[in-house]
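**Student:** I'm passing along final.cif; it holds mmCIF, C-alpha atoms.
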```cif
data_model
loop_
_atom_site.label_atom_id
_atom_site.label_comp_id
_atom_site.auth_asym_id
_atom_site.auth_seq_id
_atom_site.Cartn_x
_atom_site.Cartn_y
_atom_site.Cartn_z
CA MET K 737 75.22 99.35 106.66
CA PHE K 738 75.80 100.94 110.05
CA ALA K 739 76.94 99.03 113.10
CA ASP K 740 74.59 100.50 115.69
CA GLY K 741 75.80 103.99 114.85
CA PRO K 742 73.92 107.05 116.02
CA PHE K 743 73.53 108.53 112.54
CA PRO K 744 70.84 107.01 110.34
CA PRO K 745 71.48 107.06 106.58
CA ALA K 746 69.64 109.50 104.37
CA GLU K 747 66.61 108.39 102.40
CA LEU K 748 67.01 108.99 98.68
CA SER K 749 63.48 110.34 98.41
CA ASP K 750 64.26 113.08 100.95
CA LEU K 751 67.39 114.42 99.23
CA PRO K 752 67.85 117.50 97.05
CA GLU K 753 67.78 116.63 93.34
CA ASP K 754 71.52 117.18 92.72
CA VAL K 755 72.53 114.92 95.61
CA ARG K 756 70.02 112.24 94.64
CA ALA K 757 71.19 112.41 90.99
CA ARG K 758 74.83 111.96 92.05
CA ILE K 759 73.95 108.92 94.15
CA LEU K 760 71.81 107.38 91.43
CA ALA K 761 74.62 107.88 88.89
CA VAL K 762 76.99 105.98 91.18
CA GLN K 763 74.40 103.25 91.62
CA GLU K 764 74.05 103.00 87.84
CA ARG K 765 77.82 102.54 87.36
CA ALA K 766 78.54 100.35 90.38
CA GLY K 767 75.31 98.39 90.64
CA PHE K 768 74.83 99.47 94.27
CA VAL K 769 74.92 102.60 96.44
CA PRO K 770 78.08 102.79 98.55
CA ASN K 771 77.05 103.30 102.16
CA VAL K 772 79.25 106.38 102.56
CA PHE K 773 77.05 108.26 100.09
CA LEU K 774 73.94 107.76 102.21
CA LEU K 775 75.82 108.63 105.39
CA LEU K 776 77.20 111.91 104.05
CA ALA K 777 73.94 112.80 102.28
CA ARG K 778 72.38 113.33 105.73
CA ARG K 779 73.84 116.83 105.35
CA PRO K 780 73.62 117.81 101.69
CA ALA K 781 75.94 120.83 101.92
CA GLU K 782 78.66 118.70 103.52
CA PHE K 783 78.03 115.93 100.96
CA ARG K 784 78.62 118.41 98.13
CA ALA K 785 81.76 119.83 99.76
CA PHE K 786 83.24 116.41 100.56
CA PHE K 787 82.69 115.03 97.07
CA ALA K 788 83.91 118.23 95.41
CA TRP K 789 87.20 117.85 97.31
CA HIS K 790 87.23 114.09 96.70
CA ASP K 791 86.71 114.49 92.96
CA ALA K 792 89.27 117.29 92.69
CA LEU K 793 91.90 115.02 94.25
CA MET K 794 90.95 111.52 93.14
CA GLU K 795 89.68 112.02 89.58
CA LYS K 796 92.32 114.29 88.07
CA GLU K 797 94.59 112.97 85.36
CA GLU K 798 97.83 114.84 85.99
CA GLY K 799 100.49 114.03 88.58
CA LEU K 800 99.77 110.83 90.44
CA SER K 801 98.09 107.95 88.63
CA ARG K 802 94.65 106.88 89.76
CA VAL K 803 96.22 103.65 91.04
CA GLU K 804 98.72 105.62 93.14
CA ARG K 805 95.91 107.75 94.56
CA GLU K 806 94.02 104.65 95.68
CA MET K 807 97.21 103.16 97.09
CA ILE K 808 97.51 106.16 99.41
CA VAL K 809 93.91 105.75 100.56
CA VAL K 810 94.28 102.04 101.30
CA ALA K 811 97.64 102.30 103.05
CA THR K 812 96.72 105.27 105.26
CA SER K 813 93.20 104.00 105.98
CA ALA K 814 94.72 100.71 107.10
CA ARG K 815 96.96 102.58 109.54
CA ASN K 816 93.87 104.43 110.77
CA ARG K 817 92.06 101.07 111.08
CA CYS K 818 89.19 102.25 108.93
CA LEU K 819 87.40 99.13 107.77
CA TYR K 820 85.11 101.00 105.41
CA CYS K 821 87.83 102.82 103.47
CA VAL K 822 90.20 99.84 103.37
CA VAL K 823 87.49 97.60 101.91
CA ALA K 824 85.83 100.14 99.59
CA HIS K 825 89.01 101.72 98.26
CA GLY K 826 90.74 98.36 98.26
CA ALA K 827 88.09 97.25 95.78
CA ILE K 828 88.65 100.34 93.63
CA LEU K 829 92.41 99.76 93.78
CA ARG K 830 92.04 96.11 92.72
CA VAL K 831 89.92 97.15 89.75
CA ARG K 832 92.14 100.05 88.67
CA ALA K 833 95.40 98.12 89.14
CA LYS K 834 93.92 94.96 87.62
CA ASP K 835 95.54 93.15 90.54
CA PRO K 836 93.39 91.00 92.87
CA GLU K 837 96.06 90.97 95.62
CA ILE K 838 97.43 94.51 95.82
CA SER K 839 94.96 96.02 98.26
CA ASP K 840 95.21 93.16 100.76
CA ILE K 841 99.00 93.47 100.83
CA LEU K 842 98.88 97.26 101.20
CA ALA K 843 96.32 97.00 103.98
CA VAL K 844 98.53 94.70 106.03
CA ASP K 845 102.03 95.96 105.21
CA TRP K 846 102.70 98.02 102.09
CA ARG K 847 106.42 97.40 102.55
CA ARG K 848 105.86 93.78 101.43
CA ALA K 849 104.20 94.79 98.18
CA ASP K 850 105.91 94.73 94.81
CA LEU K 851 106.14 98.50 94.42
CA SER K 852 108.39 100.86 92.52
CA PRO K 853 110.84 103.06 94.48
CA ARG K 854 108.56 106.00 93.59
CA GLN K 855 105.53 104.29 95.14
CA ARG K 856 107.51 103.30 98.23
CA ALA K 857 108.58 106.91 98.77
CA MET K 858 104.98 108.06 98.27
CA LEU K 859 103.55 105.61 100.81
CA ALA K 860 106.31 106.24 103.36
CA TYR K 861 105.48 109.95 103.23
CA ALA K 862 101.71 109.38 103.35
CA GLU K 863 102.03 107.02 106.29
CA LYS K 864 104.24 109.45 108.20
CA LEU K 865 101.82 112.30 107.54
CA ALA K 866 98.87 110.13 108.64
CA MET K 867 100.47 108.79 111.80
CA ARG K 868 103.12 111.31 112.89
CA PRO K 869 102.34 114.59 111.14
CA TRP K 870 104.39 116.63 113.61
CA GLU K 871 107.51 114.84 112.33
CA VAL K 872 107.00 115.81 108.68
CA GLY K 873 109.64 118.25 107.53
CA PRO K 874 111.46 119.61 104.46
CA GLU K 875 113.58 116.47 104.22
CA ASP K 876 110.41 114.48 103.48
CA ALA K 877 109.59 116.69 100.50
CA ASP K 878 113.22 116.36 99.38
CA ALA K 879 112.90 112.56 99.44
CA LEU K 880 109.74 112.77 97.35
CA ARG K 881 111.40 115.10 94.83
CA ALA K 882 114.31 112.65 94.60
CA ALA K 883 111.77 109.91 93.82
CA GLY K 884 110.38 111.97 90.93
CA PHE K 885 107.46 113.89 92.43
CA ASP K 886 106.96 117.57 91.70
CA ARG K 887 105.49 120.13 94.09
CA GLU K 888 101.90 119.55 92.91
CA ALA K 889 102.15 115.77 93.25
CA ILE K 890 103.57 116.19 96.76
CA TRP K 891 100.58 118.39 97.60
CA ASP K 892 98.24 115.72 96.22
CA ILE K 893 99.84 113.01 98.38
CA GLY K 894 99.34 115.19 101.46
CA ALA K 895 95.83 116.31 100.53
CA ILE K 896 94.66 112.75 99.80
CA THR K 897 96.10 111.64 103.14
CA ALA K 898 94.28 114.52 104.88
CA LEU K 899 90.94 113.98 103.14
CA PHE K 900 90.90 110.32 104.02
CA ALA K 901 92.00 110.96 107.60
CA ALA K 902 88.77 112.95 107.88
CA SER K 903 86.80 110.28 106.05
CA ASN K 904 88.25 107.56 108.29
CA ARG K 905 87.13 109.40 111.38
CA LEU K 906 83.61 109.94 110.05
CA ALA K 907 83.39 106.23 109.29
CA HIS K 908 84.57 105.35 112.80
CA MET K 909 82.21 107.72 114.61
CA SER K 910 79.21 106.59 112.57
CA GLY K 911 79.84 102.84 112.68
CA LEU K 912 79.92 102.79 108.87
CA ARG K 913 80.40 99.33 107.39
CA PRO K 914 81.42 98.45 103.85
CA ASN K 915 78.84 97.19 101.40
CA PRO K 916 79.18 93.43 100.82
CA GLU K 917 79.61 94.14 97.09
CA PHE K 918 82.98 95.79 97.72
CA HIS K 919 84.47 92.53 99.00
CA ARG K 920 83.98 90.86 95.63
CA LEU K 921 85.08 93.64 93.27
CA GLY K 922 88.33 93.11 91.41
CA ARG K 923 89.08 89.69 92.88
CA ARG K 924 89.49 88.09 89.48
CA PRO K 925 91.88 89.74 87.05
CA ARG K 926 90.18 90.86 83.89
CA GLY K 927 91.38 88.89 80.90
#
```
For the file at hand, write its structure as structure tokens.
**Tutor:**
Amino acid sequence: MFADGPFPPAELSDLPEDVRARILAVQERAGFVPNVFLLLARRPAEFRAFFAWHDALMEKEEGLSRVEREMIVVATSARNRCLYCVVAHGAILRVRAKDPEISDILAVDWRRADLSPRQRAMLAYAEKLAMRPWEVGPEDADALRAAGFDREAIWDIGAITALFAASNRLAHMSGLRPNPEFHRLGRRPRG
């Protein structure tokens, strides 16, 4: 779970009921507890805040599709060299896109993926914001609007990039490793 990191995971039995219930619900759906849940649960107030922001951005129906949201996470986490987020969200992307190859391509070089012009514009912006935020300017928002994004979708692209920049850094500092189960998810297209 953790590669000799200084932060031991939380014990389910020690957690407040709402945090424990959230983790058990994820375990029920996924069949395992993603390691990030036990890492962040070390501090229940921060766990609640992180997942409230996560859910507000990643689970909404309007604007970006759920596949596009996961594409942003995989592409920017790859640039941040975050093994945990690339593997975990790569699995979610494979499942949501029903494509066993998409996350591997995005993790190495999203420019080689079979993407729409809209998705290319989205990932170019997200990558720039993740790697060179001081260069982001009004012309970048103009390019996104030209690709079909409205103001709220542009905000979502930036906010997802920002949330996962924070998540990537927490994973790095803690030595967080992906669950083995993530590597297998979505590898075979559903028929």
**Student:** Atom CA of K:Lys834 and atom CA of K:Gly922 are how many Å apart?
**Tutor:**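 These two atoms are separated by 7.0 Å.
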**Student:** For the atom pair atom CA of K:Glu863 and atom CA of K:Ile808, what is the interatomic distance in Å to one decimal place?
**Tutor:**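 Taking atom CA of K:Glu863 as the start and atom CA of K:Ile808 as the end point, the length is 8.3 Å.
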**Student:** Report as a list in words the residues that result from applying the PyMOL selection byres ((chain K and resi 763-777) around 8) to the structure here.
**Tutor:**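 That expression, the PyMOL selection byres ((chain K and resi 763-777) around 8), corresponds here to Met737, Phe743, Pro744, Pro745, Ala746, Glu747, Leu748, Leu751, Val755, Ile759, Leu760, Ala761, Val762, Arg778, Arg779, Pro780, Glu782, Phe783, Ala907, Leu912, Arg913, Pro914, Asn915 and Glu917 of chain K.
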**Student:** Applying the PyMOL selection byres ((chain K and resi 845-851) around 12) to the file I just gave you, which residues come out? Please list them as an MDAnalysis selection string.
**Tutor:** chainID K and resid 803:804 807:815 833 835 837:844 852:860 862:863
**Student:** How many Å lie between atom CA of K:Arg784 and atom CA of K:Glu888, rounded to one decimal?
**Tutor:** 23.9 Å
**Student:** Point out the residue among K:Ala757, K:Leu921, K:Ala902, K:Leu829 with the least atom-to-atom distance to K:Met794, counting all atoms listed in the file.
**Tutor:**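 For K:Met794, the nearest of the candidates is K:Leu829.
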**Student:** Out of K:Gly826, K:Gly884, K:Pro869, K:Pro836, which residue has the shortest atom-to-atom distance to K:Ala898 when counting all atoms listed in the file?
**Tutor:**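 Nearest candidate to K:Ala898 out of K:Gly826, K:Gly884, K:Pro869, K:Pro836: K:Pro869.
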**Student:** If the box runs along x, y and z of the file and leaves 5 Å on each side of stretch 818-831 of chain K, what are its centre and edge lengths in Å, one decimal, as AutoDock Vina command-line options?
**Tutor:**
```
--center_x 88.8 --center_y 99.5 --center_z 99.3 --size_x 17.3 --size_y 16.7 --size_z 29.2
```
**Student:** Have a look at K:Arg905, K:Arg805, K:Arg887, K:Arg881 and name the one nearest to K:Ala792; count all atoms listed in the file.
**Tutor:** K:Arg805
**Student:** Considering only C-alpha atoms, state which residue in the set K:Ala788, K:Arg802, K:Arg830, K:Leu793 is at the smallest distance from K:Arg924.
**Tutor:**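 Among the listed residues, the smallest separation from K:Arg924 belongs to K:Arg830.
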**Student:** So which residues touch K:Tyr861 within 9 Å, counting all atoms listed in the file, skipping near sequence neighbours fewer than 5 positions away, as a tab-separated table (two decimals) with C-alpha atoms, in the frame of the given file?
**Tutor:**
```tsv
chain	number	residue	atom	x	y	z
K	856	ARG	CA	107.51	103.30	98.23
K	866	ALA	CA	98.87	110.13	108.64
K	872	VAL	CA	107.00	115.81	108.68
K	876	ASP	CA	110.41	114.48	103.48
K	877	ALA	CA	109.59	116.69	100.50
K	879	ALA	CA	112.90	112.56	99.44
K	880	LEU	CA	109.74	112.77	97.35
K	893	ILE	CA	99.84	113.01	98.38
K	894	GLY	CA	99.34	115.19	101.46
```
